[in-house]
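Data block below; observations after.
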Amino acid sequence: MPGRARCSYRVLVPFRLRVPRPDPVVVDRVLAVGVFVVSAVQSAVWDASAWYRWTAVVEAALLSLGLAYRRRWPVLVGIGTPAVLVLREHVATVAGGPGPPAALLPWLCALYALAVWTSRAWFLAGLSIYVVIDLVPWPGVNSSGFGFTVLTSFGMLMVRMIVGSRDQALRLAERERQVAAREAVVEERARIARELHDVVAHHVSTMVLQAGAERRAVESGETQDVLAGIEQVGRSALREMRRMVEMLRQGDPDELAPQPRLGEVQMLVEQLRSAGMDVAMSVEGTPRDLPEGIELSAYRIVQEALTNALKYAGGAGTRVRIGYGADALELEILDAGGAARDPGEASGGHGLVGMRERVAMYGGTFEAGRVRGGGFGVRVLLPVH
């Protein structure tokens, strides 16, 4: 989107060790293959008729499919797996062969899927069908027993309650995090608007004064009318701007404070050094006057990054680099703090929100993340053309 910053939270140096989390669906399918292979091997070594061994292979294939697709069809798998096991046990009793091979894992996984990944209505329906399948005396099949069925059903209810409460808490925490992030963005944008008011008001005031002076100096009536219109529009803009900023500044004690410029970063670094912080500063390129808004944003970004380094790096060495390019201003603040922290932890997440909003205002790029060795870094590129 034009005018927005290309922001990223990533490591500023390569070779970060990251252990990927396995895909649960892939895990299910790997387990399903394992169950089918074990069952097929068991069936092959049985001393039984060929048709009986083939029924065992078919049963293993059905159980494996249920294990592989339990997340997609939890109701069907939760009901079908116990039914397949009951049917298989009936065949085993009639044929006088061994019972179902490798059946415990698919059975447990199917009941878990029924308990966790279904709606309340489908869960109650599936649980009722499971109880019927487990307790009804099928021909040639020994019932699991009332006590075992009740215990299993109670376990499914407990799992559903525990996992459901956990998922609800996670959803609530995620909503609170999103609300806090939106509030931080609104608050930071209001702060930026308050700070930029003086910059814009200065330029508009200068324009109004120049238009008024020029109107009094020229003799042409047409030119005077044009300049009078410019002066009138400028004064109206100033009145509306003051009204808007008064609303934004409710309760702000610093409304009359002068806005800092990039040249004052050196003074900020000296203050931190006198407080005992190890800060090194370097300037690349030829310093020059930049648009006041960019200088204000650059100063605030450096200030916030140094505040985070002071708070989280424990006094470790910090390096500030300011680079004046032909058409861009580059800022880099790196600390060597050993305390591990995520990008969103600094200042409760609001510090980086402010940096990102300031960079977005000028269409720059923003990067923040851990660096090799345990420190933390911020890099910003602000276009100035």
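Ligands are numbered from 1 in the order shown, residues from 1 within each chain, and chains are lettered A, B, ... in the order they appear in the structure tokens.
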**Request:** Please provide the set of residues having any atom within 8 Å of stretch 162-174 of chain A, restricted to only C-alpha atoms, with same-chain residues fewer than 4 positions apart removed, written as a ChimeraX atom specification.
**Result:** /A:116,158,178
Would you save the residues of that selection, restricted to C-alpha atoms, as a PDB file, in the first residue's frame?
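Written file, out_10.pdb:
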ATOM      1  CA  VAL A 116     -12.474 -31.925  21.401  1.00  0.00           C
ATOM      2  CA  MET A 158     -13.310 -34.063  31.351  1.00  0.00           C
ATOM      3  CA  GLN A 178      -5.527  -7.274  19.593  1.00  0.00           C
TER       4      GLN A 178
END
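Take atom CA of A:Pro82 and atom CA of A:Gly66: the distance between them is 10.7 Å.
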**Asked** What's the 9 Å shell around A:Ser153, counting only C-alpha atoms, without same-chain residues fewer than 6 positions away, as an MDAnalysis selection string?
**Response** chainID A and resid 127 130:131
**Prompt:** Pick from A:Ser64, A:Gln232, A:Thr318, A:Gln271: nearest to A:Gly34, with only C-alpha atoms counted?
**Reply:** A:Ser64
Tell me which protein, DNA and RNA residues are within 8 Å of A:Met156, counting only C-alpha atoms, leaving out same-chain ones fewer than 6 positions away, and put them as a short mmCIF file (atom, residue, chain, number, x, y, z; two decimals) with C-alpha atoms, in the first residue's frame.
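That gives us part19.cif:
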data_model
loop_
_atom_site.label_atom_id
_atom_site.label_comp_id
_atom_site.auth_asym_id
_atom_site.auth_seq_id
_atom_site.Cartn_x
_atom_site.Cartn_y
_atom_site.Cartn_z
CA LEU A 111 -12.31 -40.59 21.13
CA TYR A 112 -10.14 -37.50 21.65
CA ALA A 115 -14.42 -34.99 22.56
#
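Those residues that approach A:Ala305 to within 9 Å, counting only C-alpha atoms, are Arg300, Ile301, Ala309, Leu310, Ile333, Leu334, Ala346, Gly351, Leu352, Met355, Gly377 and Val378 of chain A; same-chain residues fewer than 4 positions away are not listed.
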Write out the residues from the selection above, keeping C-alpha atoms, as a short mmCIF file (atom, residue, chain, number, x, y, z; two decimals), in the first residue's frame.
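selection-v1.cif was written with the following content:
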data_model
loop_
_atom_site.label_atom_id
_atom_site.label_comp_id
_atom_site.auth_asym_id
_atom_site.auth_seq_id
_atom_site.Cartn_x
_atom_site.Cartn_y
_atom_site.Cartn_z
CA ARG A 300 11.92 9.92 18.79
CA ILE A 301 12.91 6.57 17.23
CA ALA A 309 18.18 -0.70 25.64
CA LEU A 310 18.50 0.97 29.05
CA ILE A 333 20.54 1.10 17.27
CA LEU A 334 22.12 -2.16 18.47
CA ALA A 346 9.90 -3.65 24.66
CA GLY A 351 7.63 1.34 21.87
CA LEU A 352 7.89 -0.58 18.63
CA MET A 355 8.52 3.47 15.83
CA GLY A 377 18.62 -4.23 17.19
CA VAL A 378 16.47 -1.67 15.38
#
**Message:** Would you compute the distance between atom CA of A:Glu292 and atom CA of A:Gly263? Give it in Å to one decimal.
**Reply:** 11.4 Å
Selection near A:Phe36, 6 Å with only C-alpha atoms, sequence-local residues under 3 positions removed, as a PDB file with N, CA and C atoms, in the first residue's frame:
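The new file part_26.pdb reads:
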ATOM      1  N   VAL A  33       0.303 -44.274   9.074  1.00  0.00           N
ATOM      2  CA  VAL A  33       1.148 -45.197   8.304  1.00  0.00           C
ATOM      3  C   VAL A  33       1.805 -46.210   9.227  1.00  0.00           C
ATOM      4  N   SER A  39       0.177 -53.289  11.932  1.00  0.00           N
ATOM      5  CA  SER A  39      -0.958 -54.219  11.830  1.00  0.00           C
ATOM      6  C   SER A  39      -0.781 -55.207  10.687  1.00  0.00           C
ATOM      7  N   ALA A  40      -0.267 -54.713   9.550  1.00  0.00           N
ATOM      8  CA  ALA A  40      -0.062 -55.609   8.405  1.00  0.00           C
ATOM      9  C   ALA A  40       0.990 -56.664   8.722  1.00  0.00           C
ATOM     10  N   ALA A  60      -7.191 -52.740   9.582  1.00  0.00           N
ATOM     11  CA  ALA A  60      -6.066 -51.835   9.843  1.00  0.00           C
ATOM     12  C   ALA A  60      -6.124 -50.614   8.919  1.00  0.00           C
ATOM     13  N   SER A  64      -6.452 -46.800  10.229  1.00  0.00           N
ATOM     14  CA  SER A  64      -5.408 -45.853   9.830  1.00  0.00           C
ATOM     15  C   SER A  64      -6.003 -44.633   9.122  1.00  0.00           C
TER      16      SER A  64
END
**Message:** With only C-alpha atoms as the counted atoms, please give the residues lying no more than 10 Å from stretch 117-119 of chain A, apart from itself and same-chain residues fewer than 4 positions off, as a VMD selection string.
**Reply:** chain A and resid 70 to 75 78 112 to 113 123 to 126 160 163 to 164
Could you write those residues out with N, CA and C atoms, as a short mmCIF file (atom, residue, chain, number, x, y, z; two decimals), in the first residue's frame?
data_model
loop_
_atom_site.label_atom_id
_atom_site.label_comp_id
_atom_site.auth_asym_id
_atom_site.auth_seq_id
_atom_site.Cartn_x
_atom_site.Cartn_y
_atom_site.Cartn_z
N ARG A 70 -8.86 -37.68 11.28
CA ARG A 70 -9.70 -37.42 12.45
C ARG A 70 -9.94 -35.92 12.67
N ARG A 71 -9.05 -35.07 12.23
CA ARG A 71 -9.26 -33.63 12.39
C ARG A 71 -10.29 -33.10 11.41
N ARG A 72 -10.39 -33.73 10.25
CA ARG A 72 -11.35 -33.28 9.24
C ARG A 72 -12.74 -33.82 9.52
N TRP A 73 -12.84 -35.08 9.94
CA TRP A 73 -14.14 -35.71 10.20
C TRP A 73 -14.16 -36.31 11.61
N PRO A 74 -14.13 -35.49 12.64
CA PRO A 74 -14.04 -36.03 14.00
C PRO A 74 -15.27 -36.84 14.42
N VAL A 75 -16.46 -36.44 13.97
CA VAL A 75 -17.67 -37.19 14.35
C VAL A 75 -17.66 -38.58 13.71
N GLY A 78 -14.89 -40.62 15.31
CA GLY A 78 -15.19 -40.95 16.70
C GLY A 78 -16.24 -42.02 16.86
N TYR A 112 -10.60 -38.87 21.39
CA TYR A 112 -10.14 -37.50 21.65
C TYR A 112 -10.71 -36.55 20.60
N ALA A 113 -10.68 -36.96 19.33
CA ALA A 113 -11.24 -36.11 18.27
C ALA A 113 -12.72 -35.85 18.51
N PHE A 123 -21.15 -33.84 19.74
CA PHE A 123 -20.44 -34.57 20.79
C PHE A 123 -21.41 -35.43 21.60
N LEU A 124 -22.54 -34.85 21.99
CA LEU A 124 -23.52 -35.63 22.77
C LEU A 124 -24.07 -36.78 21.94
N ALA A 125 -24.33 -36.53 20.65
CA ALA A 125 -24.83 -37.62 19.80
C ALA A 125 -23.77 -38.71 19.64
N GLY A 126 -22.53 -38.32 19.37
CA GLY A 126 -21.47 -39.30 19.21
C GLY A 126 -21.20 -40.07 20.49
N ARG A 160 -13.02 -32.71 27.25
CA ARG A 160 -13.73 -31.64 26.54
C ARG A 160 -13.79 -30.38 27.38
N VAL A 163 -9.96 -28.90 27.73
CA VAL A 163 -9.46 -28.33 26.48
C VAL A 163 -10.33 -27.16 26.04
N GLY A 164 -11.65 -27.27 26.25
CA GLY A 164 -12.53 -26.17 25.89
C GLY A 164 -12.23 -24.92 26.70
#
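Shortest atom-to-atom contact with A:Val279 among A:Ala298, A:Ala110, A:Met361, A:Ala336: A:Ala336, counting only C-alpha atoms.
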**Asked** What does the distance between atom CA of A:Ile79 and atom CA of A:Ile129 come to in Å, to one decimal place?
**Response**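 Spanning atom CA of A:Ile79 to atom CA of A:Ile129 is a straight-line distance of 6.9 Å.
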